[in-house]
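What follows is a set of notes on a single structure, which appears directly below.
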Amino acid sequence: MATPHNIDNKRYQGLIISIALFLSLIGALLAFTFYTSSLLERNTALIDQTNKVANNAQAVIKDLFDLDASYGEDTNSPHIQRVLNRLEQNTASITSSIAAIEQGGTITDTEGRSYTLPKIDSDAQANITAANEQWKALEPKIQAYLENADNVMVPSADDLTQAVEQAKTSSLLMNDSLDSLTNEVFNSAESEASTIRLIQAIGVFAIFAYFLIFVFFFVRRLRETDAEALAARRETQEIMETVNTGLFLLDKDLRIGQQHSRALNDIIGADRLAGENFTNVLRGRISDKDLKTTQQFIEQLYNPRVKEKLVDSLNPLHKVMLHNTSGNKGLNDRFLDFKFSRVYDDKNIARILVNVNDVSDAVYLEQRLEKERTENDMQIEMLTTILNVNPKIINEFIANTQTHIEKMNNILKNPGSSQYELEGKLKAIYREMHSLKGEASALKLHSFTKIASDAEDKLHALQNQGQLSGNDFLPLAVHLDDLLSLSNTIATLGERINRSAPPSVKPATAPISDSFAKTSITENHKSNHAINNINADHGQSIDLDNDADDQLSFYKEFAKDIAARQGKQVQLKSDTLTQADIPDHLVKPIKEISIQLLRNAVVHGIEAPSVRHSTGKDAVGTIDVEVKDGGSDVLLMVQDDGQGIDYDGIRTKLSKEGRFSTEEANQLSQNDLLKQLFSSGFSTKEHADEDGGRGVGLDIIKAKVKEYNGKLNVNSELGQMTRFVITLPKA
C-alpha cells in the first residue's frame, strides 16, 4: 500500500519534471544569450579596434606633416611637445592594435574593460597583413625620428623627411587595407548577429509554446492547491501563536499589520499592537534621534533603488535599548534587536517584515566582556610602563598620585560655605588634578590621563558655571576612586613582577566614593614607604648617576611626545640636571614645576616647523633645562627659543573673555598681564587638549613656588625666547 508521502511525490513528480525542463530551456536560452552577447561585444570591439587603427594612422600622418611644416620651431614649445607626445602614443597604439587584430589578442578599452578579439577570416587576415606590411615600413622611420626629436643637439631633419616620404607612400595603401578590413569585419559581425537573432527567436518561441502547454495541463492542479493554501494559512496562524520571536509586517505608513506573533506583545511590552503606528509604539521608549532615523531608514527600505543589504548596515534599531514607560515595575528596560526584510509583490515592495528578538542577556554579556577587555588592556598598558621605566620613577609616580588624591580628598571633605571658599576649593582641586595628569601623560599612562582629563572637563564646566554649591563637587569622588584604583593596580603589578619580595603595597579597600566625607587615604599613603623600598627588598643598589640619566631621558621623552601631538619638533638640552644635588624635600616640587614648564614651552613657546622656517629659525626648537646649586637656594631654569610672550595677544584674549574691557586691557602693564597669565583658568590657547589650554599649568607653578617660599622670574623677548627661573630655598 502506497504511503501518503509516496502519493505526494507521484502527484508532483510530473509538475517538478515539467518545471525543471522549463527552467532548463530558459537556462539554455540565457546561456546562449550570454555567449552571443559576449561574441557581439568581441565583434564590436574588433570593429572599434580597426576604426581606431585607421584613425590613429591618419593622426600619425597628419602629425608627421605638421612636424615637417613646423621644423625649426623650438622643440620645447607646447605645440611641438604636444604633437610629439601624440605621435609617440598613436605609434605605440597602432603597433599593439595591429598585433592584437592579427593574432586575436586581448585589448583594453578606454573604460578599462578587457576583450579578447575573435579570430578573423582569411580575407580580413589578408587586409590586416597588407596594412601591417606598410606599417612596418613606416614605423621604424617614425621611431628613428622620435629618438632625437626633442634633442636640439642632434639634427633630426633627415629622419623626419624619410618618415614623411614613407608616410606618403604607405598612407594610401594602409587606408585601403584598413577600410577593406573594417568592411570585412562589419559584414562578418552582421552575419553572426542575424544568425543569433534567429536562434533566439526560435528559442523564445519554443519556451513560450512549452509554457502554454505547461499551463494547459497543470492549471487544474493549481486549483487543488487553494485548499492546501487555506490549510497553510491555518498553520501559519498556529506558528504565529507559538513562535517565540516578534514577527509583524509594516506598510508604507508605518502601521503594524493585523497579524503578528503573540510573543510580540510580551517583547514590546504592549497589549494592543495590530493597526498601531510603529513610531507611536516606540515614541518615548527610544531617543527622538533614533526614532527619526528609524522613520528615514524604513523609507529607504521602500525605495526600490536602494540595495537592501547596503541599507541594512544603517539599521538604528540594532540592539537598541527600549525603556519601560508603562509603569509596570516587573518590566525592566531591555535591549531589542529589530531586523527588517522586504516583502515583494511581484517586483514591487509590498511590506516590510520585522523580526524582533530580546537580546538583553547577550548585550549585557558583551558589555561585561568589553569591560574585562578594557581592564586587561589597561593592565597591559601599566605593565608596559612598569617594565620600561626606571622603578624609582614609577615609585615616585605612585607616591605622588596617592598624595595628590589624598590632598583632593581632604579638599573635598572641606565643606566650604561662601562662594569665595568654593572657588578656592575648585582651583586647588584643579591644580592637583592637572599635576597628576601631567605626570601620568609623561609616563604614557593613557588610562590615568583619560580619567584625569574627564575630571578636568567637569572642573572646567564648574569654573564657567558661576554660582557653586557643595553638591557640585560630589561627582569628582568617582574620578578619585578610579584614579586610586589604577594606582593600586600599578603597585600590585609591581609586586607580581617582584614575587620574591614581601608584600609592599596594600591596595585600598574603601573606595573614595563611599567615604567622601569620612575616609582619608592614610593607609595608601603609608604604603608608599613599602613601594619605595621594593628595590631594597631585593638587595639591589641604586645607581644615582643612572637615576639622573633616567630623569633626563624621562624629560626628553616627555617633551618629544608632547611635540609629536602638537605637530612640532623639539630637542631638550641640559648640562646640569644629571649633576645637581637636589635636597629630598625639593625633588617632588622641582619635578612638578619642570613638567609644567616643559609642557608650557612646547605648547605655547615653540612654534610649528613651518612658522620657525618662515622666521629664519631651525625647524627644531630648543629647550634648555638647568638645575643649579645656589648655596642656600636651588635654581631651576627652563628656557625655549620660541615665539616669546605675546602681551598684545593676552590683552586681546582678556577683553574677548570679558575679564576686562578693551580700554582697561590696553592700560595693563606687562607685569599686570603676567599676573593674569598665571591666574587660574586663563589660557591663550584657543582649544583645550591633553597638553594644554585649560589655564592651570602656570597656576600650579605659582602655587608651588609660593608653597615653598620661592621666587619666580620670567623674561621674554617676542619672537625670540622665554625664560622661567624658579628659586627655591633649601631650608
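Residues in the C-alpha cells are named by chain (A, B, ... in the order shown) and by number from 1 within that chain; ligands are numbered from 1 in the order shown.
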Review point. Near A:Ala92, counting only C-alpha atoms, which residues have an atom at most 12 Å away, once you skip same-chain residues fewer than 4 positions from it, shown as a PyMOL selection string?
Key: chain A and resi 53+56-57+60+85-88+96-99+135+139-140+142-143+146
Mind checking which residues fall within 12 Å of A:Glu241, counting only C-alpha atoms, ignoring those fewer than 5 positions away in the same chain, and posting them as a compact mmCIF listing (two decimals) with all heavy atoms, in the first residue's frame?
# COMPACT_ATOMS: atom_id res chain seq x y z
N ARG A 234 -3.85 28.40 8.02
CA ARG A 234 -4.16 27.99 9.39
C ARG A 234 -2.87 27.61 10.13
O ARG A 234 -2.68 27.95 11.30
CB ARG A 234 -5.13 26.80 9.37
CG ARG A 234 -6.53 27.14 8.88
CD ARG A 234 -7.50 26.05 9.28
NE ARG A 234 -8.81 26.28 8.70
CZ ARG A 234 -9.28 25.65 7.62
NH1 ARG A 234 -8.52 24.75 7.02
NH2 ARG A 234 -10.48 25.91 7.16
N GLU A 235 -2.00 26.89 9.41
CA GLU A 235 -0.73 26.50 10.03
C GLU A 235 0.11 27.74 10.36
O GLU A 235 0.76 27.80 11.42
CB GLU A 235 0.04 25.58 9.09
CG GLU A 235 -0.60 24.21 8.90
CD GLU A 235 0.16 23.37 7.90
OE1 GLU A 235 1.17 23.88 7.35
OE2 GLU A 235 -0.25 22.22 7.64
N THR A 236 0.09 28.72 9.44
CA THR A 236 0.83 29.96 9.69
C THR A 236 0.32 30.66 10.94
O THR A 236 1.11 31.17 11.76
CB THR A 236 0.71 30.90 8.48
OG1 THR A 236 1.23 30.24 7.32
CG2 THR A 236 1.49 32.20 8.72
N GLY A 246 9.29 38.13 17.93
CA GLY A 246 8.27 39.05 17.48
C GLY A 246 8.30 39.19 15.97
O GLY A 246 9.30 39.60 15.40
N LEU A 247 7.20 38.84 15.31
CA LEU A 247 7.09 38.94 13.86
C LEU A 247 5.89 39.81 13.51
O LEU A 247 4.79 39.60 14.05
CB LEU A 247 6.93 37.56 13.21
CG LEU A 247 8.13 36.61 13.27
CD1 LEU A 247 7.74 35.25 12.71
CD2 LEU A 247 9.29 37.17 12.48
N GLN A 259 -1.87 40.83 11.54
CA GLN A 259 -1.35 39.55 12.00
C GLN A 259 0.07 39.74 12.53
O GLN A 259 0.93 40.30 11.83
CB GLN A 259 -1.34 38.52 10.86
CG GLN A 259 -2.73 38.21 10.29
CD GLN A 259 -3.60 37.49 11.30
OE1 GLN A 259 -3.12 36.71 12.12
NE2 GLN A 259 -4.89 37.75 11.23
N HIS A 260 0.29 39.29 13.73
CA HIS A 260 1.64 39.31 14.27
C HIS A 260 1.76 38.20 15.30
O HIS A 260 0.75 37.67 15.80
CB HIS A 260 1.96 40.67 14.92
CG HIS A 260 1.05 41.05 16.05
ND1 HIS A 260 1.17 40.52 17.31
CD2 HIS A 260 0.00 41.90 16.10
CE1 HIS A 260 0.25 41.03 18.10
NE2 HIS A 260 -0.49 41.87 17.38
N SER A 261 2.98 37.85 15.63
CA SER A 261 3.18 36.76 16.58
C SER A 261 2.73 37.19 17.97
O SER A 261 2.82 38.37 18.34
CB SER A 261 4.66 36.35 16.61
OG SER A 261 5.46 37.42 17.07
N ARG A 262 2.25 36.23 18.72
CA ARG A 262 1.77 36.54 20.06
C ARG A 262 2.92 37.02 20.95
O ARG A 262 2.74 37.85 21.84
CB ARG A 262 1.11 35.30 20.67
CG ARG A 262 0.62 35.52 22.10
CD ARG A 262 -0.08 34.30 22.64
NE ARG A 262 -1.35 34.09 21.95
CZ ARG A 262 -2.18 33.08 22.24
NH1 ARG A 262 -1.85 32.21 23.18
NH2 ARG A 262 -3.31 32.94 21.58
N ALA A 263 4.13 36.49 20.69
CA ALA A 263 5.28 36.87 21.52
C ALA A 263 5.62 38.35 21.39
O ALA A 263 6.29 38.92 22.26
CB ALA A 263 6.50 36.03 21.14
N LEU A 264 5.15 39.00 20.30
CA LEU A 264 5.47 40.40 20.09
C LEU A 264 4.97 41.28 21.23
O LEU A 264 5.64 42.21 21.64
CB LEU A 264 4.88 40.88 18.75
CG LEU A 264 5.19 42.32 18.37
CD1 LEU A 264 6.68 42.51 18.13
CD2 LEU A 264 4.40 42.73 17.12
N ASN A 265 3.77 40.96 21.74
CA ASN A 265 3.22 41.77 22.83
C ASN A 265 4.12 41.74 24.06
O ASN A 265 4.35 42.77 24.71
CB ASN A 265 1.82 41.27 23.20
CG ASN A 265 0.84 41.39 22.04
OD1 ASN A 265 0.68 40.45 21.26
ND2 ASN A 265 0.20 42.53 21.91
Point to revise | Residues near A:Phe554, cut-off 10 Å, only C-alpha atoms, skip fewer than 2 positions along chain, as number ranges by chain | key: A: 389-390, 393, 442-443, 548-552, 556-560
Same residues, N, CA, C and O atoms, output as a CSV table (one decimal), in the first residue's frame:
chain,number,residue,atom,x,y,z
A,389,VAL,N,60.2,51.7,32.4
A,389,VAL,CA,60.5,52.9,33.1
A,389,VAL,C,61.3,52.6,34.4
A,389,VAL,O,61.0,51.5,35.0
A,390,ASN,N,62.2,53.4,34.7
A,390,ASN,CA,63.0,53.2,35.9
A,390,ASN,C,62.1,53.0,37.1
A,390,ASN,O,61.1,53.8,37.3
A,393,ILE,N,61.2,56.0,39.2
A,393,ILE,CA,60.2,57.0,38.7
A,393,ILE,C,58.8,56.4,38.9
A,393,ILE,O,57.9,57.2,39.2
A,442,ALA,N,53.2,62.0,31.1
A,442,ALA,CA,54.6,61.9,30.8
A,442,ALA,C,55.0,60.4,30.8
A,442,ALA,O,56.0,60.0,30.1
A,443,LEU,N,54.3,59.6,31.6
A,443,LEU,CA,54.6,58.1,31.6
A,443,LEU,C,53.8,57.3,30.6
A,443,LEU,O,53.9,56.1,30.6
A,548,ALA,N,69.7,59.8,37.6
A,548,ALA,CA,69.7,61.2,37.0
A,548,ALA,C,69.6,61.1,35.5
A,548,ALA,O,68.9,61.9,34.8
A,549,ASP,N,70.4,60.1,34.9
A,549,ASP,CA,70.3,59.9,33.4
A,549,ASP,C,68.8,59.6,33.0
A,549,ASP,O,68.3,60.0,32.0
A,550,ASP,N,68.2,58.7,33.8
A,550,ASP,CA,66.8,58.3,33.5
A,550,ASP,C,65.9,59.4,33.6
A,550,ASP,O,64.9,59.6,32.9
A,551,GLN,N,66.2,60.3,34.6
A,551,GLN,CA,65.3,61.5,34.8
A,551,GLN,C,65.4,62.4,33.6
A,551,GLN,O,64.4,62.9,33.1
A,552,LEU,N,66.6,62.6,33.1
A,552,LEU,CA,66.8,63.4,31.9
A,552,LEU,C,66.1,62.8,30.7
A,552,LEU,O,65.5,63.5,29.9
A,556,LYS,N,63.2,64.3,28.3
A,556,LYS,CA,63.3,64.3,26.8
A,556,LYS,C,62.2,63.6,26.1
A,556,LYS,O,61.6,64.1,25.2
A,557,GLU,N,61.8,62.4,26.6
A,557,GLU,CA,60.8,61.6,26.0
A,557,GLU,C,59.4,62.4,26.2
A,557,GLU,O,58.6,62.4,25.3
A,558,PHE,N,59.2,63.0,27.4
A,558,PHE,CA,58.0,63.7,27.7
A,558,PHE,C,57.9,64.9,26.7
A,558,PHE,O,56.8,65.1,26.1
A,559,ALA,N,58.9,65.7,26.5
A,559,ALA,CA,58.8,66.8,25.6
A,559,ALA,C,58.6,66.3,24.1
A,559,ALA,O,57.9,66.9,23.4
A,560,LYS,N,59.3,65.2,23.8
A,560,LYS,CA,59.1,64.7,22.4
A,560,LYS,C,57.7,64.2,22.2
A,560,LYS,O,57.1,64.5,21.1
Review point. Hey, what's within 8 Å of stretch 419-429 of chain A if we count only C-alpha atoms and toss same-chain stuff fewer than 4 positions away? As a list in words, please?
Key: Met408, Ile411, Leu412, Met433, Leu459, Leu462, Gln463, Gln467, Leu468, Ser469, Gly470 and Ser680 of chain A
What are the nearest atom pairs, with distances in Å to one decimal, for all residues of stretch 142-168 of chain A that come at most 12 Å from stretch 125-134 of chain A, using only C-alpha atoms, set out by chain and rising residue number as JSON lines?
{"residue": "A:Gln166", "atom": "CA", "partner": "A:Gln134", "partner_atom": "CA", "distance": 9.0}
{"residue": "A:Ala167", "atom": "CA", "partner": "A:Gln134", "partner_atom": "CA", "distance": 9.1}
{"residue": "A:Lys168", "atom": "CA", "partner": "A:Gln134", "partner_atom": "CA", "distance": 10.9}
Review point. Interatomic distance between atom CA of A:Asp158 and atom CA of A:Asn90?
Key: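 Taking atom CA of A:Asp158 as the start and atom CA of A:Asn90 as the end point, the length is 21.4 Å.
Atom CA of A:Val638 to atom CA of A:Ser683 spans 19.3 Å [interatomic distance, one decimal].
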Exercise for review: Choose the residue, out of A:Thr578, A:Asn464, A:Lys450, A:Glu626, that has the smallest atom-to-atom separation from A:Phe682; count only C-alpha atoms.
Suggested key: A:Asn464
What lies within 10 Å of A:Phe678 using only C-alpha atoms, ignoring chain neighbours under 5 positions off, as a PDB file with all heavy atoms, in the first residue's frame?
ATOM      1  N   LEU A 673      49.846  91.916  33.085  1.00  0.00           N
ATOM      2  CA  LEU A 673      49.486  90.869  32.125  1.00  0.00           C
ATOM      3  C   LEU A 673      50.062  89.525  32.548  1.00  0.00           C
ATOM      4  O   LEU A 673      49.426  88.476  32.371  1.00  0.00           O
ATOM      5  CB  LEU A 673      49.977  91.246  30.725  1.00  0.00           C
ATOM      6  CG  LEU A 673      49.271  92.452  30.083  1.00  0.00           C
ATOM      7  CD1 LEU A 673      49.977  92.858  28.793  1.00  0.00           C
ATOM      8  CD2 LEU A 673      47.803  92.118  29.787  1.00  0.00           C
ATOM      9  N   SER A 683      44.013  80.967  29.624  1.00  0.00           N
ATOM     10  CA  SER A 683      44.982  80.383  28.685  1.00  0.00           C
ATOM     11  C   SER A 683      44.864  81.106  27.355  1.00  0.00           C
ATOM     12  O   SER A 683      43.768  81.500  26.935  1.00  0.00           O
ATOM     13  CB  SER A 683      44.714  78.884  28.485  1.00  0.00           C
ATOM     14  OG  SER A 683      45.576  78.351  27.498  1.00  0.00           O
ATOM     15  N   GLY A 695      44.420  76.609  31.324  1.00  0.00           N
ATOM     16  CA  GLY A 695      44.810  77.697  32.209  1.00  0.00           C
ATOM     17  C   GLY A 695      45.138  77.252  33.615  1.00  0.00           C
ATOM     18  O   GLY A 695      44.874  77.971  34.580  1.00  0.00           O
ATOM     19  N   VAL A 696      45.732  76.057  33.762  1.00  0.00           N
ATOM     20  CA  VAL A 696      46.027  75.529  35.089  1.00  0.00           C
ATOM     21  C   VAL A 696      47.531  75.382  35.310  1.00  0.00           C
ATOM     22  O   VAL A 696      48.014  75.480  36.435  1.00  0.00           O
ATOM     23  CB  VAL A 696      45.334  74.166  35.308  1.00  0.00           C
ATOM     24  CG1 VAL A 696      45.476  73.729  36.762  1.00  0.00           C
ATOM     25  CG2 VAL A 696      43.874  74.238  34.931  1.00  0.00           C
ATOM     26  N   GLY A 697      48.291  75.143  34.236  1.00  0.00           N
ATOM     27  CA  GLY A 697      49.720  74.834  34.375  1.00  0.00           C
ATOM     28  C   GLY A 697      50.493  75.922  35.091  1.00  0.00           C
ATOM     29  O   GLY A 697      51.218  75.660  36.060  1.00  0.00           O
ATOM     30  N   LEU A 698      50.364  77.176  34.641  1.00  0.00           N
ATOM     31  CA  LEU A 698      51.107  78.269  35.287  1.00  0.00           C
ATOM     32  C   LEU A 698      50.573  78.548  36.686  1.00  0.00           C
ATOM     33  O   LEU A 698      51.315  78.991  37.576  1.00  0.00           O
ATOM     34  CB  LEU A 698      51.029  79.530  34.422  1.00  0.00           C
ATOM     35  CG  LEU A 698      51.751  79.446  33.069  1.00  0.00           C
ATOM     36  CD1 LEU A 698      51.611  80.740  32.307  1.00  0.00           C
ATOM     37  CD2 LEU A 698      53.228  79.103  33.251  1.00  0.00           C
ATOM     38  N   ASP A 699      49.280  78.309  36.878  1.00  0.00           N
ATOM     39  CA  ASP A 699      48.701  78.467  38.215  1.00  0.00           C
ATOM     40  C   ASP A 699      49.344  77.485  39.189  1.00  0.00           C
ATOM     41  O   ASP A 699      49.611  77.816  40.356  1.00  0.00           O
ATOM     42  CB  ASP A 699      47.192  78.248  38.132  1.00  0.00           C
ATOM     43  CG  ASP A 699      46.507  78.462  39.471  1.00  0.00           C
ATOM     44  OD1 ASP A 699      46.935  79.346  40.225  1.00  0.00           O
ATOM     45  OD2 ASP A 699      45.544  77.722  39.758  1.00  0.00           O
ATOM     46  N   ILE A 700      49.601  76.259  38.731  1.00  0.00           N
ATOM     47  CA  ILE A 700      50.268  75.248  39.565  1.00  0.00           C
ATOM     48  C   ILE A 700      51.673  75.726  39.936  1.00  0.00           C
ATOM     49  O   ILE A 700      52.108  75.622  41.092  1.00  0.00           O
ATOM     50  CB  ILE A 700      50.333  73.904  38.828  1.00  0.00           C
ATOM     51  CG1 ILE A 700      48.931  73.308  38.692  1.00  0.00           C
ATOM     52  CG2 ILE A 700      51.260  72.927  39.539  1.00  0.00           C
ATOM     53  CD1 ILE A 700      48.879  72.056  37.854  1.00  0.00           C
ATOM     54  N   ILE A 701      52.404  76.261  38.951  1.00  0.00           N
ATOM     55  CA  ILE A 701      53.767  76.735  39.203  1.00  0.00           C
ATOM     56  C   ILE A 701      53.749  77.841  40.252  1.00  0.00           C
ATOM     57  O   ILE A 701      54.544  77.835  41.209  1.00  0.00           O
ATOM     58  CB  ILE A 701      54.392  77.241  37.893  1.00  0.00           C
ATOM     59  CG1 ILE A 701      54.549  76.070  36.899  1.00  0.00           C
ATOM     60  CG2 ILE A 701      55.737  77.905  38.147  1.00  0.00           C
ATOM     61  CD1 ILE A 701      54.949  76.488  35.518  1.00  0.00           C
ATOM     62  N   LYS A 702      52.839  78.787  40.079  1.00  0.00           N
ATOM     63  CA  LYS A 702      52.746  79.896  41.040  1.00  0.00           C
ATOM     64  C   LYS A 702      52.448  79.371  42.447  1.00  0.00           C
ATOM     65  O   LYS A 702      53.070  79.806  43.433  1.00  0.00           O
ATOM     66  CB  LYS A 702      51.656  80.868  40.589  1.00  0.00           C
ATOM     67  CG  LYS A 702      51.496  82.084  41.502  1.00  0.00           C
ATOM     68  CD  LYS A 702      50.390  82.989  41.016  1.00  0.00           C
ATOM     69  CE  LYS A 702      49.027  82.341  41.242  1.00  0.00           C
ATOM     70  NZ  LYS A 702      47.915  83.254  40.912  1.00  0.00           N
ATOM     71  N   ALA A 703      51.516  78.405  42.545  1.00  0.00           N
ATOM     72  CA  ALA A 703      51.145  77.869  43.852  1.00  0.00           C
ATOM     73  C   ALA A 703      52.311  77.111  44.497  1.00  0.00           C
ATOM     74  O   ALA A 703      52.545  77.208  45.712  1.00  0.00           O
ATOM     75  CB  ALA A 703      49.928  76.957  43.701  1.00  0.00           C
TER      76      ALA A 703
END
Study note, to complete from the structure: Closest of A:Ser188, A:Thr492, A:Thr75, A:Ser18 to A:Thr44, counting only C-alpha atoms, is A:Ser188
